[in-house]
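Content type mmCIF, C-alpha atoms (C1' of nucleotides), from the file input-v7.cif:
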data_final
#
loop_
_atom_site.label_atom_id
_atom_site.label_comp_id
_atom_site.auth_asym_id
_atom_site.auth_seq_id
_atom_site.Cartn_x
_atom_site.Cartn_y
_atom_site.Cartn_z
CA MET A 1 0.00 0.00 0.00
CA ALA A 2 1.88 3.00 -1.26
CA GLU A 3 1.47 6.44 -2.71
CA LEU A 4 1.12 6.64 -6.45
CA GLN A 5 4.48 6.25 -8.17
CA PHE A 6 5.32 7.59 -11.59
CA THR A 7 8.16 6.13 -13.62
CA LEU A 8 9.29 7.75 -16.84
CA HIS A 9 10.55 5.32 -19.46
CA ALA A 10 11.22 7.55 -22.39
CA THR A 11 10.94 11.09 -23.55
CA SER A 12 10.62 11.90 -27.22
CA ASN A 13 13.82 13.68 -28.32
CA ASN A 14 12.19 16.27 -30.55
CA SER A 15 9.06 16.85 -28.49
CA LYS A 16 7.93 16.91 -24.87
CA ALA A 17 6.03 13.65 -25.23
CA ARG A 18 6.80 11.00 -22.67
CA ALA A 19 5.93 7.39 -21.91
CA GLY A 20 5.63 6.31 -18.32
CA THR A 21 3.94 4.06 -15.81
CA MET A 22 1.82 5.07 -12.86
CA THR A 23 1.61 2.55 -10.06
CA THR A 24 -1.41 2.50 -7.77
CA ASP A 25 -2.76 -0.01 -5.30
CA HIS A 26 -5.30 -1.01 -7.93
CA GLY A 27 -2.67 -1.68 -10.55
CA GLU A 28 -0.46 0.00 -13.09
CA ILE A 29 -1.43 2.58 -15.65
CA ASN A 30 0.67 3.05 -18.75
CA THR A 31 0.92 6.63 -19.91
CA PRO A 32 -0.06 8.52 -21.89
CA ILE A 33 -3.52 7.33 -20.96
CA PHE A 34 -7.11 8.16 -21.74
CA MET A 35 -9.63 7.68 -18.93
CA PRO A 36 -13.27 6.90 -19.86
CA VAL A 37 -15.78 9.01 -17.97
CA GLY A 38 -18.24 7.15 -15.76
CA THR A 39 -19.91 10.03 -13.99
CA VAL A 40 -22.48 8.19 -11.89
CA GLY A 41 -20.66 4.91 -11.55
CA SER A 42 -21.29 3.84 -15.12
CA VAL A 43 -19.52 4.56 -18.37
CA LYS A 44 -22.77 5.16 -20.20
CA ALA A 45 -23.87 2.19 -22.33
CA VAL A 46 -20.74 0.15 -21.53
CA THR A 47 -20.41 -2.69 -19.03
CA GLN A 48 -17.40 -3.17 -16.81
CA GLN A 49 -16.62 -6.42 -18.65
CA GLN A 50 -16.55 -4.50 -21.90
CA LEU A 51 -14.30 -1.89 -20.32
CA TYR A 52 -11.87 -4.61 -19.31
CA ASN A 53 -12.00 -6.80 -22.39
CA ASP A 54 -12.92 -4.63 -25.35
CA VAL A 55 -12.03 -1.05 -24.44
CA LYS A 56 -9.02 -2.15 -22.38
CA ALA A 57 -9.51 0.78 -20.02
CA GLN A 58 -6.83 1.07 -17.35
CA ILE A 59 -8.59 3.63 -15.17
CA ILE A 60 -12.03 5.29 -15.21
CA LEU A 61 -13.56 8.44 -13.78
CA GLY A 62 -16.37 9.00 -11.35
CA ASN A 63 -17.89 12.30 -10.30
CA THR A 64 -18.09 13.43 -6.69
CA TYR A 65 -21.10 15.68 -7.15
CA HIS A 66 -23.16 13.09 -9.01
CA LEU A 67 -22.24 10.13 -6.81
CA TYR A 68 -22.88 12.14 -3.66
CA LEU A 69 -26.43 12.84 -4.87
CA ARG A 70 -26.96 9.30 -6.13
CA PRO A 71 -26.59 6.69 -4.74
CA GLY A 72 -25.28 8.76 -1.81
CA LEU A 73 -22.54 8.20 0.73
CA GLU A 74 -24.50 5.76 2.85
CA VAL A 75 -24.79 3.26 0.02
CA LEU A 76 -21.23 3.77 -1.18
CA GLU A 77 -19.82 3.26 2.30
CA ALA A 78 -21.98 0.20 2.94
CA ALA A 79 -20.82 -1.23 -0.39
CA GLY A 80 -17.20 -0.80 0.65
CA GLY A 81 -16.47 1.95 -1.85
CA LEU A 82 -17.12 2.54 -5.52
CA HIS A 83 -14.79 -0.22 -6.76
CA GLN A 84 -16.79 -2.84 -4.91
CA PHE A 85 -20.12 -1.23 -5.65
CA ILE A 86 -19.70 -1.22 -9.42
CA GLY A 87 -17.36 -4.18 -9.78
CA TRP A 88 -14.28 -2.39 -11.09
CA GLN A 89 -10.96 -3.47 -9.66
CA LYS A 90 -8.70 -1.13 -11.59
CA PRO A 91 -7.98 2.45 -10.55
CA ILE A 92 -10.67 5.10 -10.26
CA LEU A 93 -10.22 8.86 -10.38
CA THR A 94 -12.93 11.16 -9.08
CA ASP A 95 -13.52 14.66 -10.29
CA SER A 96 -14.29 16.90 -7.35
CA GLY A 97 -17.43 18.61 -8.56
CA GLY A 98 -15.44 21.71 -9.42
CA TYR A 99 -16.49 21.39 -13.02
CA GLN A 100 -20.14 21.24 -11.99
CA VAL A 101 -19.60 24.64 -10.38
CA PHE A 102 -18.94 25.74 -13.93
CA SER A 103 -21.39 23.62 -15.92
CA LEU A 104 -24.32 23.97 -13.53
CA ALA A 105 -23.69 27.68 -13.08
CA ALA A 106 -27.37 28.53 -12.90
CA SER A 107 -27.96 26.62 -9.69
CA ARG A 108 -24.99 27.34 -7.40
CA LYS A 109 -23.52 30.08 -5.23
CA ILE A 110 -19.79 30.44 -4.60
CA THR A 111 -18.40 31.83 -1.33
CA GLU A 112 -15.08 31.66 0.46
CA LYS A 113 -16.38 28.74 2.43
CA GLY A 114 -17.40 26.69 -0.58
CA VAL A 115 -20.20 26.23 -3.07
CA MET A 116 -23.89 25.96 -2.34
CA PHE A 117 -25.34 23.62 -4.95
CA GLN A 118 -28.93 23.06 -5.81
CA SER A 119 -29.49 19.46 -6.78
CA HIS A 120 -30.48 18.99 -10.41
CA ILE A 121 -32.45 15.96 -9.27
CA ASP A 122 -34.75 17.28 -6.56
CA GLY A 123 -33.77 20.90 -5.99
CA SER A 124 -32.39 20.26 -2.51
CA LYS A 125 -29.46 22.41 -1.39
CA HIS A 126 -26.01 21.10 -0.49
CA LEU A 127 -22.89 22.91 0.66
CA PHE A 128 -19.67 21.63 -0.88
CA THR A 129 -16.55 22.80 0.90
CA PRO A 130 -13.01 21.53 0.31
CA GLU A 131 -13.35 19.52 3.52
CA VAL A 132 -16.68 18.01 2.51
CA VAL A 133 -15.38 17.12 -0.92
CA MET A 134 -12.31 15.39 0.53
CA ASP A 135 -14.54 13.36 2.83
CA ILE A 136 -16.81 12.40 -0.07
CA GLU A 137 -13.91 11.36 -2.29
CA ARG A 138 -12.46 9.33 0.59
CA THR A 139 -15.80 7.58 0.95
CA ILE A 140 -16.14 6.96 -2.76
CA GLY A 141 -12.72 5.39 -2.44
CA ALA A 142 -11.00 7.03 -5.38
CA ASP A 143 -7.38 6.09 -6.03
CA ILE A 144 -6.92 9.60 -7.36
CA MET A 145 -8.95 12.36 -5.72
CA MET A 146 -9.11 15.70 -7.45
CA ALA A 147 -8.90 18.89 -5.42
CA PHE A 148 -11.98 21.08 -5.19
CA ASP A 149 -11.45 23.99 -7.55
CA GLU A 150 -13.34 26.68 -9.36
CA CYS A 151 -13.27 26.45 -13.15
CA PRO A 152 -13.81 30.00 -14.43
CA PRO A 153 -15.68 30.42 -17.70
CA TYR A 154 -14.08 31.65 -20.93
CA PRO A 155 -13.72 34.50 -21.36
CA SER A 156 -13.11 35.80 -17.84
CA ASP A 157 -11.52 39.15 -17.16
CA TYR A 158 -8.19 39.33 -15.41
CA THR A 159 -9.59 40.29 -12.03
CA TYR A 160 -12.09 37.46 -12.03
CA ALA A 161 -9.49 34.93 -13.16
CA LYS A 162 -7.02 36.11 -10.52
CA ASN A 163 -9.54 36.06 -7.68
CA SER A 164 -10.83 32.69 -8.82
CA MET A 165 -7.31 31.26 -8.96
CA GLU A 166 -6.48 32.56 -5.51
CA LEU A 167 -9.70 31.07 -4.15
CA THR A 168 -8.79 27.74 -5.76
CA HIS A 169 -5.36 27.95 -4.09
CA ARG A 170 -6.87 28.65 -0.66
CA TRP A 171 -9.27 25.79 -1.19
CA LEU A 172 -6.31 23.62 -2.17
CA ASP A 173 -4.63 24.29 1.19
CA ARG A 174 -7.80 23.24 2.93
CA CYS A 175 -8.07 20.15 0.71
CA PHE A 176 -4.56 19.05 1.68
CA THR A 177 -5.16 19.74 5.36
CA GLN A 178 -8.31 17.64 5.34
CA PHE A 179 -6.71 15.00 3.15
CA ASN A 180 -3.71 14.67 5.47
CA ASN A 181 -5.91 14.55 8.55
CA THR A 182 -8.04 11.68 7.28
CA PRO A 183 -7.02 8.08 6.72
CA ASP A 184 -7.36 6.01 3.57
CA LYS A 185 -10.86 4.69 3.86
CA TYR A 186 -10.57 1.16 2.54
CA GLY A 187 -6.99 0.07 3.16
CA TYR A 188 -5.44 1.10 -0.15
CA THR A 189 -3.68 4.41 -0.70
CA GLN A 190 -5.67 7.37 -1.99
CA ASN A 191 -3.87 10.24 -3.72
CA LEU A 192 -4.79 13.90 -4.06
CA PHE A 193 -4.08 15.79 -7.28
CA PRO A 194 -4.15 19.60 -7.23
CA ILE A 195 -5.46 21.57 -10.21
CA VAL A 196 -3.88 24.53 -11.99
CA GLN A 197 -6.23 27.39 -12.84
CA GLY A 198 -5.56 30.99 -13.87
CA GLY A 199 -7.81 31.43 -16.89
CA THR A 200 -6.11 32.53 -20.09
CA TYR A 201 -3.49 34.77 -18.49
CA LYS A 202 0.12 33.65 -18.71
CA ASP A 203 1.30 35.21 -15.47
CA LEU A 204 -1.61 33.69 -13.56
CA ARG A 205 -1.08 30.27 -15.09
CA THR A 206 2.61 30.40 -14.26
CA GLU A 207 1.89 31.49 -10.72
CA SER A 208 -0.71 28.77 -10.33
CA CYS A 209 1.66 26.10 -11.64
CA GLN A 210 4.31 27.15 -9.14
CA TYR A 211 1.82 27.07 -6.31
CA ILE A 212 0.49 23.69 -7.34
CA ALA A 213 4.00 22.30 -7.78
CA SER A 214 4.95 23.43 -4.27
CA LYS A 215 2.46 20.91 -2.88
CA ASN A 216 4.67 18.13 -4.19
CA ALA A 217 1.63 15.99 -4.96
CA ALA A 218 1.75 12.59 -6.63
CA GLY A 219 0.39 14.15 -9.80
CA ASN A 220 -0.81 17.49 -11.11
CA ALA A 221 -3.78 18.52 -13.19
CA ILE A 222 -4.50 21.38 -15.54
CA GLY A 223 -8.06 22.64 -15.36
CA GLY A 224 -10.02 25.46 -16.90
CA LEU A 225 -9.07 24.70 -20.50
CA SER A 226 -11.26 23.52 -23.40
CA VAL A 227 -14.12 25.59 -22.05
CA GLY A 228 -14.72 27.48 -25.29
CA GLU A 229 -11.39 29.17 -25.99
CA PRO A 230 -9.77 28.82 -29.45
CA MET A 231 -7.88 25.58 -29.91
CA GLU A 232 -4.55 27.31 -30.46
CA MET A 233 -4.99 29.08 -27.14
CA MET A 234 -5.69 25.76 -25.43
CA TYR A 235 -2.44 24.35 -26.84
CA GLU A 236 -0.53 27.47 -25.87
CA PHE A 237 -1.61 27.29 -22.24
CA THR A 238 -1.15 23.53 -22.08
CA ALA A 239 2.43 23.99 -23.26
CA LEU A 240 3.00 26.73 -20.73
CA CYS A 241 1.69 24.60 -17.88
CA CYS A 242 3.69 21.55 -18.94
CA GLU A 243 6.85 23.64 -18.85
CA ALA A 244 6.05 24.97 -15.39
CA LEU A 245 4.92 21.73 -13.75
CA PRO A 246 7.31 19.07 -12.40
CA GLN A 247 8.78 16.69 -14.97
CA ASN A 248 8.77 13.70 -12.66
CA LYS A 249 5.05 13.75 -11.90
CA PRO A 250 2.16 12.84 -14.18
CA ARG A 251 0.37 15.76 -15.80
CA TYR A 252 -3.36 15.48 -16.30
CA LEU A 253 -5.17 17.74 -18.77
CA MET A 254 -8.78 17.72 -17.65
CA GLY A 255 -11.61 17.36 -20.13
CA VAL A 256 -9.62 17.06 -23.36
CA GLY A 257 -10.56 16.19 -26.02
CA THR A 258 -10.73 15.17 -29.66
CA PRO A 259 -8.26 12.52 -30.86
CA TRP A 260 -6.12 15.20 -32.51
CA ASN A 261 -6.26 17.37 -29.36
CA ILE A 262 -4.94 14.43 -27.40
CA LEU A 263 -2.06 13.76 -29.78
CA GLU A 264 -1.06 17.42 -29.81
CA CYS A 265 -1.19 17.60 -26.03
CA ILE A 266 0.80 14.39 -25.62
CA ASP A 267 3.36 16.16 -27.76
CA LEU A 268 3.33 19.03 -25.26
CA GLY A 269 3.95 16.72 -22.29
CA ILE A 270 0.53 15.62 -21.05
CA ASP A 271 0.22 12.12 -19.59
CA MET A 272 -3.45 11.79 -18.68
CA PHE A 273 -6.71 12.73 -20.40
CA ASP A 274 -10.41 12.32 -19.87
CA CYS A 275 -13.30 13.46 -21.99
CA VAL A 276 -16.96 12.66 -22.51
CA MET A 277 -16.56 13.03 -26.25
CA PRO A 278 -16.10 9.38 -27.24
CA THR A 279 -19.17 8.36 -25.27
CA ARG A 280 -21.46 11.37 -25.66
CA ASN A 281 -20.68 11.99 -29.31
CA GLY A 282 -20.77 8.26 -29.90
CA ARG A 283 -24.31 8.11 -28.57
CA ASN A 284 -25.17 10.83 -31.08
CA GLY A 285 -23.76 8.85 -34.01
CA MET A 286 -20.28 10.35 -34.30
CA LEU A 287 -17.58 7.74 -34.70
CA PHE A 288 -13.87 8.39 -34.32
CA THR A 289 -11.89 5.93 -36.40
CA SER A 290 -8.30 5.39 -37.45
CA LYS A 291 -9.25 6.78 -40.88
CA GLY A 292 -11.26 9.81 -39.80
CA VAL A 293 -14.59 10.93 -38.43
CA ILE A 294 -17.84 9.26 -39.45
CA ASN A 295 -21.42 10.45 -39.00
CA ILE A 296 -22.82 6.94 -38.99
CA ARG A 297 -26.39 8.18 -39.47
CA ASN A 298 -25.64 9.36 -42.99
CA LYS A 299 -27.30 7.38 -45.76
CA LYS A 300 -23.97 6.89 -47.48
CA TRP A 301 -23.23 4.11 -44.97
CA SER A 302 -26.50 2.24 -45.53
CA LYS A 303 -24.89 -0.39 -47.76
CA ASP A 304 -21.33 -0.17 -46.51
CA PHE A 305 -20.73 -3.61 -45.08
CA THR A 306 -17.10 -2.99 -44.21
CA PRO A 307 -16.08 -3.03 -40.53
CA LEU A 308 -16.55 0.04 -38.34
CA ASP A 309 -12.77 0.30 -38.15
CA ASP A 310 -10.34 -2.36 -39.32
CA GLY A 311 -7.40 -0.14 -38.41
CA ILE A 312 -7.51 -0.91 -34.71
CA PRO A 313 -7.18 -4.29 -32.99
CA ASN A 314 -10.62 -4.28 -31.40
CA GLU A 315 -12.83 -7.27 -32.05
CA MET A 316 -16.13 -5.36 -31.99
CA SER A 317 -14.86 -2.65 -34.31
CA ASN A 318 -13.66 -5.32 -36.74
CA TYR A 319 -16.79 -7.46 -36.41
CA TYR A 320 -19.75 -5.11 -36.92
CA SER A 321 -20.32 -3.26 -40.17
CA LYS A 322 -21.01 0.42 -40.72
CA ALA A 323 -24.30 -0.44 -42.45
CA TYR A 324 -25.43 -2.44 -39.44
CA LEU A 325 -24.55 0.25 -36.93
CA ARG A 326 -26.29 2.84 -39.10
CA HIS A 327 -29.37 0.66 -39.14
CA LEU A 328 -29.25 0.38 -35.35
CA PHE A 329 -29.07 4.16 -35.03
CA VAL A 330 -31.87 4.82 -37.48
CA ALA A 331 -34.00 2.18 -35.77
CA ASN A 332 -33.21 3.77 -32.42
CA GLU A 333 -31.91 0.52 -31.03
CA ILE A 334 -30.12 0.48 -27.68
CA LEU A 335 -27.34 -1.61 -29.17
CA ALA A 336 -26.39 1.38 -31.35
CA LEU A 337 -25.37 3.35 -28.27
CA GLN A 338 -23.42 0.41 -26.92
CA LEU A 339 -21.50 -0.35 -30.08
CA ALA A 340 -20.70 3.30 -30.81
CA SER A 341 -19.50 3.90 -27.25
CA ILE A 342 -17.40 0.76 -27.15
CA HIS A 343 -15.89 1.48 -30.52
CA ASN A 344 -15.03 5.10 -29.73
CA LEU A 345 -13.51 4.24 -26.36
CA SER A 346 -11.56 1.37 -27.89
CA PHE A 347 -10.27 3.74 -30.51
CA TYR A 348 -9.22 6.31 -27.89
CA LEU A 349 -7.43 3.66 -25.85
CA TRP A 350 -5.76 2.29 -28.96
CA LEU A 351 -4.68 5.80 -29.89
CA VAL A 352 -2.90 6.54 -26.61
CA THR A 353 -1.39 3.06 -26.51
CA GLU A 354 -0.05 3.52 -30.02
CA ALA A 355 1.26 6.96 -29.09
CA ARG A 356 3.12 5.34 -26.21
CA THR A 357 4.65 2.77 -28.53
CA GLN A 358 5.74 5.48 -30.94
CA ILE A 359 7.32 7.48 -28.12
CA LEU A 360 9.21 4.41 -26.95
CA ASN A 361 10.33 3.73 -30.51
CA GLY A 362 11.37 7.32 -31.08
CA ASN A 363 8.94 7.85 -33.97
CA PHE A 364 6.34 9.89 -32.19
CA ILE A 365 6.55 13.20 -34.05
CA SER A 366 6.33 11.89 -37.58
CA TRP A 367 3.59 9.47 -36.62
CA LYS A 368 1.66 12.19 -34.78
CA THR A 369 1.89 14.65 -37.64
CA GLU A 370 0.39 12.16 -40.05
CA MET A 371 -2.29 11.00 -37.61
CA VAL A 372 -3.48 14.49 -36.65
CA GLU A 373 -4.14 15.13 -40.32
CA ARG A 374 -5.80 11.81 -40.98
CA LEU A 375 -7.97 11.58 -37.88
CA GLN A 376 -9.72 14.86 -38.64
CA THR A 377 -10.81 13.72 -42.10
CA ARG A 378 -14.58 13.72 -42.51
CA LEU A 379 -15.49 10.41 -44.08
"C1'" G X 1 -72.26 -0.24 -65.22
"C1'" A X 2 -74.16 2.73 -60.79
"C1'" G X 3 -73.22 5.01 -56.10
"C1'" A X 4 -69.89 6.58 -52.23
"C1'" U X 5 -65.19 8.20 -50.86
"C1'" C X 6 -60.28 9.78 -51.28
"C1'" G X 7 -56.14 12.12 -54.14
"C1'" U X 8 -51.60 18.01 -50.26
"C1'" A X 9 -43.41 17.09 -49.08
"C1'" G X 10 -39.87 10.68 -50.23
"C1'" C X 11 -43.76 8.25 -46.52
"C1'" U X 12 -48.17 8.95 -43.09
"C1'" C X 13 -51.26 12.77 -42.69
"C1'" A X 14 -53.19 18.32 -40.66
"C1'" G X 15 -55.19 22.16 -43.21
"C1'" U X 16 -60.95 25.56 -39.05
"C1'" A X 17 -67.20 28.64 -42.21
"C1'" G X 18 -62.57 30.11 -49.16
"C1'" G X 19 -58.28 35.25 -46.92
"C1'" U X 20 -51.29 37.05 -46.10
"C1'" U X 21 -44.76 33.76 -48.48
"C1'" A X 22 -49.40 25.74 -47.67
"C1'" G X 23 -48.01 22.90 -42.08
"C1'" A X 24 -46.59 18.52 -38.72
"C1'" G X 25 -44.33 13.81 -37.65
"C1'" C X 26 -41.04 10.42 -39.71
"C1'" G X 27 -37.28 10.12 -43.48
"C1'" U X 28 -33.10 12.78 -46.10
"C1'" C X 29 -28.97 16.25 -45.60
"C1'" A X 30 -25.73 19.42 -42.73
"C1'" G X 31 -23.90 21.40 -38.21
"C1'" U X 32 -23.05 21.33 -32.76
"C1'" U X 33 -21.22 18.36 -28.60
"C1'" U X 34 -14.22 18.67 -24.80
"C1'" G X 35 -13.11 17.35 -15.67
"C1'" U X 36 -21.60 14.21 -18.92
"C1'" G X 37 -28.23 17.63 -15.84
"C1'" G X 38 -28.35 15.29 -23.14
"C1'" C X 39 -30.21 7.74 -26.80
"C1'" A X 40 -29.69 15.32 -27.16
"C1'" C X 41 -29.79 19.98 -29.64
"C1'" U X 42 -29.80 23.48 -34.01
"C1'" G X 43 -30.70 24.25 -38.91
"C1'" A X 44 -31.57 23.16 -44.23
"C1'" A X 45 -33.49 21.01 -48.49
"C1'" G X 46 -37.93 19.08 -50.24
"C1'" G X 47 -45.01 20.65 -52.68
"C1'" C X 48 -47.49 23.62 -60.50
"C1'" C X 49 -52.17 20.96 -53.07
"C1'" G X 50 -53.64 14.45 -59.45
"C1'" G X 51 -54.86 17.27 -64.32
"C1'" G X 52 -58.03 20.90 -67.01
"C1'" G X 53 -61.79 24.54 -66.92
"C1'" G X 54 -65.06 27.74 -64.04
"C1'" U X 55 -67.21 30.90 -59.78
"C1'" U X 56 -64.79 34.85 -56.75
"C1'" C X 57 -61.23 40.73 -55.29
"C1'" G X 58 -59.14 36.00 -53.60
"C1'" A X 59 -59.64 28.50 -54.36
"C1'" G X 60 -55.75 23.25 -51.35
"C1'" A X 61 -60.96 24.23 -49.87
"C1'" C X 62 -66.88 25.70 -53.87
"C1'" C X 63 -68.92 23.98 -59.11
"C1'" C X 64 -68.12 21.12 -63.85
"C1'" C X 65 -65.13 17.77 -66.69
"C1'" U X 66 -61.24 14.35 -66.55
"C1'" C X 67 -57.46 10.77 -64.64
"C1'" G X 68 -56.18 7.45 -60.64
"C1'" G X 69 -56.95 4.63 -55.91
"C1'" U X 70 -60.38 2.32 -52.41
"C1'" C X 71 -65.15 0.50 -50.88
"C1'" U X 72 -70.33 -0.90 -51.68
"C1'" C X 73 -74.23 -2.43 -54.85
"C1'" C X 74 -76.20 -4.46 -59.51
#

Could you write out this file's structure as structure tokens?
Amino acid sequence: MAELQFTLHATSNNSKARAGTMTTDHGEINTPIFMPVGTVGSVKAVTQQQLYNDVKAQIILGNTYHLYLRPGLEVLEAAGGLHQFIGWQKPILTDSGGYQVFSLAASRKITEKGVMFQSHIDGSKHLFTPEVVMDIERTIGADIMMAFDECPPYPSDYTYAKNSMELTHRWLDRCFTQFNNTPDKYGYTQNLFPIVQGGTYKDLRTESCQYIASKNAAGNAIGGLSVGEPMEMMYEFTALCCEALPQNKPRYLMGVGTPWNILECIDLGIDMFDCVMPTRNGRNGMLFTSKGVINIRNKKWSKDFTPLDDGIPNEMSNYYSKAYLRHLFVANEILALQLASIHNLSFYLWLVTEARTQILNGNFISWKTEMVERLQTRL
RNA sequence: GAGAUCGUAGCUCAGUAGGUUAGAGCGUCAGUUUGUGGCACUGAAGGCCGGGGGUUCGAGACCCCUCGGUCUCC
């Protein structure tokens, strides 16, 4: 039972990309890694068996805010934590609810103490403080607990971004105090990752990175990006943060992104990603494949009996045809959501695994350049 | 052969007592989705209202003829 360890195996010589291994009490995670999002204890439309066997997920996400509301701490604690409750024995990372401060902006109130949420389920009010969030994440049993932060919207003026960042830093102190004063809940080691904020201001981002780095945490996250800013700006600030954060700790870019976003950000030195895109967009008929992007609902696929994607080593993607999946979507069949989600996640996991191989082989940049171009093709 | 009834978007149909650029659902097409309040959302294309003639200031609606479908009867 030990704190999360990060071992770097290789760094690309003409980029900042790196290949590593994170070791947790629930197993190893090879980086760079993509983490499927399972907000309420379920990666929507995908079973845990499929996550293990088809998607080959190494770690998944849960959400503090959503799990706290349902099923609630009583059930989670009685179950022995989220791993036991949902039947997932690999690592779990929980987002703190900080993003919900941003996405559910209409029904919350931010103060120094914390955030007063109004439940989207029944309208009841709940106060989330850094201390409360740490306790909840302990009870969920996350291997990686994210600090409670505020994710400012884009655009935010300098004053707002600065005040927000400083609040996030004060909350971070309280998170660490609470974290250090509470034991691991279920016997295995839980880790706390702080989150860089600072909006789209270089001096604030740099300051935030330095503050976050001073905590000497097992890993560090970059938040507040991909919230509507131009893509080039997202890359610019990701690069800046990667430079300013410790080299020997995993860097997690929260909420990103498209396949090409991920490759570009691996190039900049990011090790961990999560995004709802493969599942949410998949449920809406958008497929990410090794040859480009497909809107599977389009009639052009109605008689295309070739595999969803024969460019990745995933049995389901090789087995089912585009015409069949289109039919399932048009017929509004539940299986459509399952196959699209499994395929997209499998593709994402294949992509980061392949990126890792290319980094280890020293071919990352040339491979990435070609892939970024190809993956964006509209088929 | 006679009577009844229907004919409006690719499909199924709305279109009040005749009144502005004829609507809906589905389908088609396109776009959106980035630490999940979404099997979602936004938009577009698509009609000589079966055809012809007439009444009227004005007809998808009313009248006549005609073509086609359906049903009933002889």

Distance in Å - CA of Asp95 in chain A versus CA of Leu61 in chain A:
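Spanning CA of Asp95 in chain A to CA of Leu61 in chain A is a straight-line distance of 7.1 Å.
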
Residues picked by the PyMOL selection byres ((chain X) within 10 of (chain A)) here, as number ranges by chain?
X: 27-29, 33-40

Output C-alpha atoms (C1' of nucleotides) for every residue in the selection just made, as a short mmCIF file (atom, residue, chain, number, x, y, z; two decimals), keeping the file's coordinate frame.
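Result file result-v9.cif:
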data_model
loop_
_atom_site.label_atom_id
_atom_site.label_comp_id
_atom_site.auth_asym_id
_atom_site.auth_seq_id
_atom_site.Cartn_x
_atom_site.Cartn_y
_atom_site.Cartn_z
"C1'" G X 27 -37.28 10.12 -43.48
"C1'" U X 28 -33.10 12.78 -46.10
"C1'" C X 29 -28.97 16.25 -45.60
"C1'" U X 33 -21.22 18.36 -28.60
"C1'" U X 34 -14.22 18.67 -24.80
"C1'" G X 35 -13.11 17.35 -15.67
"C1'" U X 36 -21.60 14.21 -18.92
"C1'" G X 37 -28.23 17.63 -15.84
"C1'" G X 38 -28.35 15.29 -23.14
"C1'" C X 39 -30.21 7.74 -26.80
"C1'" A X 40 -29.69 15.32 -27.16
#

Quick one: distance from CA of Phe85 in chain A to CA of Gly20 in chain A in Å, one decimal?
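Between these atoms lies a distance of 29.7 Å.
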
I would like the residues chosen by the PyMOL selection byres ((chain A and resi 354-369) around 7) on the shown file; could you give them as an mmCIF file with C-alpha atoms, in the frame of the given file?
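The resulting file, out.cif, is reproduced below:
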data_model
loop_
_atom_site.group_PDB
_atom_site.id
_atom_site.type_symbol
_atom_site.label_atom_id
_atom_site.label_comp_id
_atom_site.auth_asym_id
_atom_site.auth_seq_id
_atom_site.Cartn_x
_atom_site.Cartn_y
_atom_site.Cartn_z
ATOM 1 C CA ALA A 10 11.220 7.550 -22.390
ATOM 2 C CA THR A 11 10.940 11.090 -23.550
ATOM 3 C CA SER A 12 10.620 11.900 -27.220
ATOM 4 C CA ALA A 17 6.030 13.650 -25.230
ATOM 5 C CA ARG A 18 6.800 11.000 -22.670
ATOM 6 C CA ALA A 19 5.930 7.390 -21.910
ATOM 7 C CA THR A 31 0.920 6.630 -19.910
ATOM 8 C CA PRO A 32 -0.060 8.520 -21.890
ATOM 9 C CA LEU A 263 -2.060 13.760 -29.780
ATOM 10 C CA TRP A 350 -5.760 2.290 -28.960
ATOM 11 C CA LEU A 351 -4.680 5.800 -29.890
ATOM 12 C CA VAL A 352 -2.900 6.540 -26.610
ATOM 13 C CA THR A 353 -1.390 3.060 -26.510
ATOM 14 C CA GLU A 370 0.390 12.160 -40.050
ATOM 15 C CA MET A 371 -2.290 11.000 -37.610
ATOM 16 C CA VAL A 372 -3.480 14.490 -36.650
ATOM 17 C CA GLU A 373 -4.140 15.130 -40.320
#

If the PyMOL selection byres ((chain A and resi 172) around 12) were run on this exact file, what residues would it hold? Put them as a ChimeraX atom specification.
/A:96,98,114,129-131,133-134,146-150,165-171,173-179,192-197,208,211-215,217
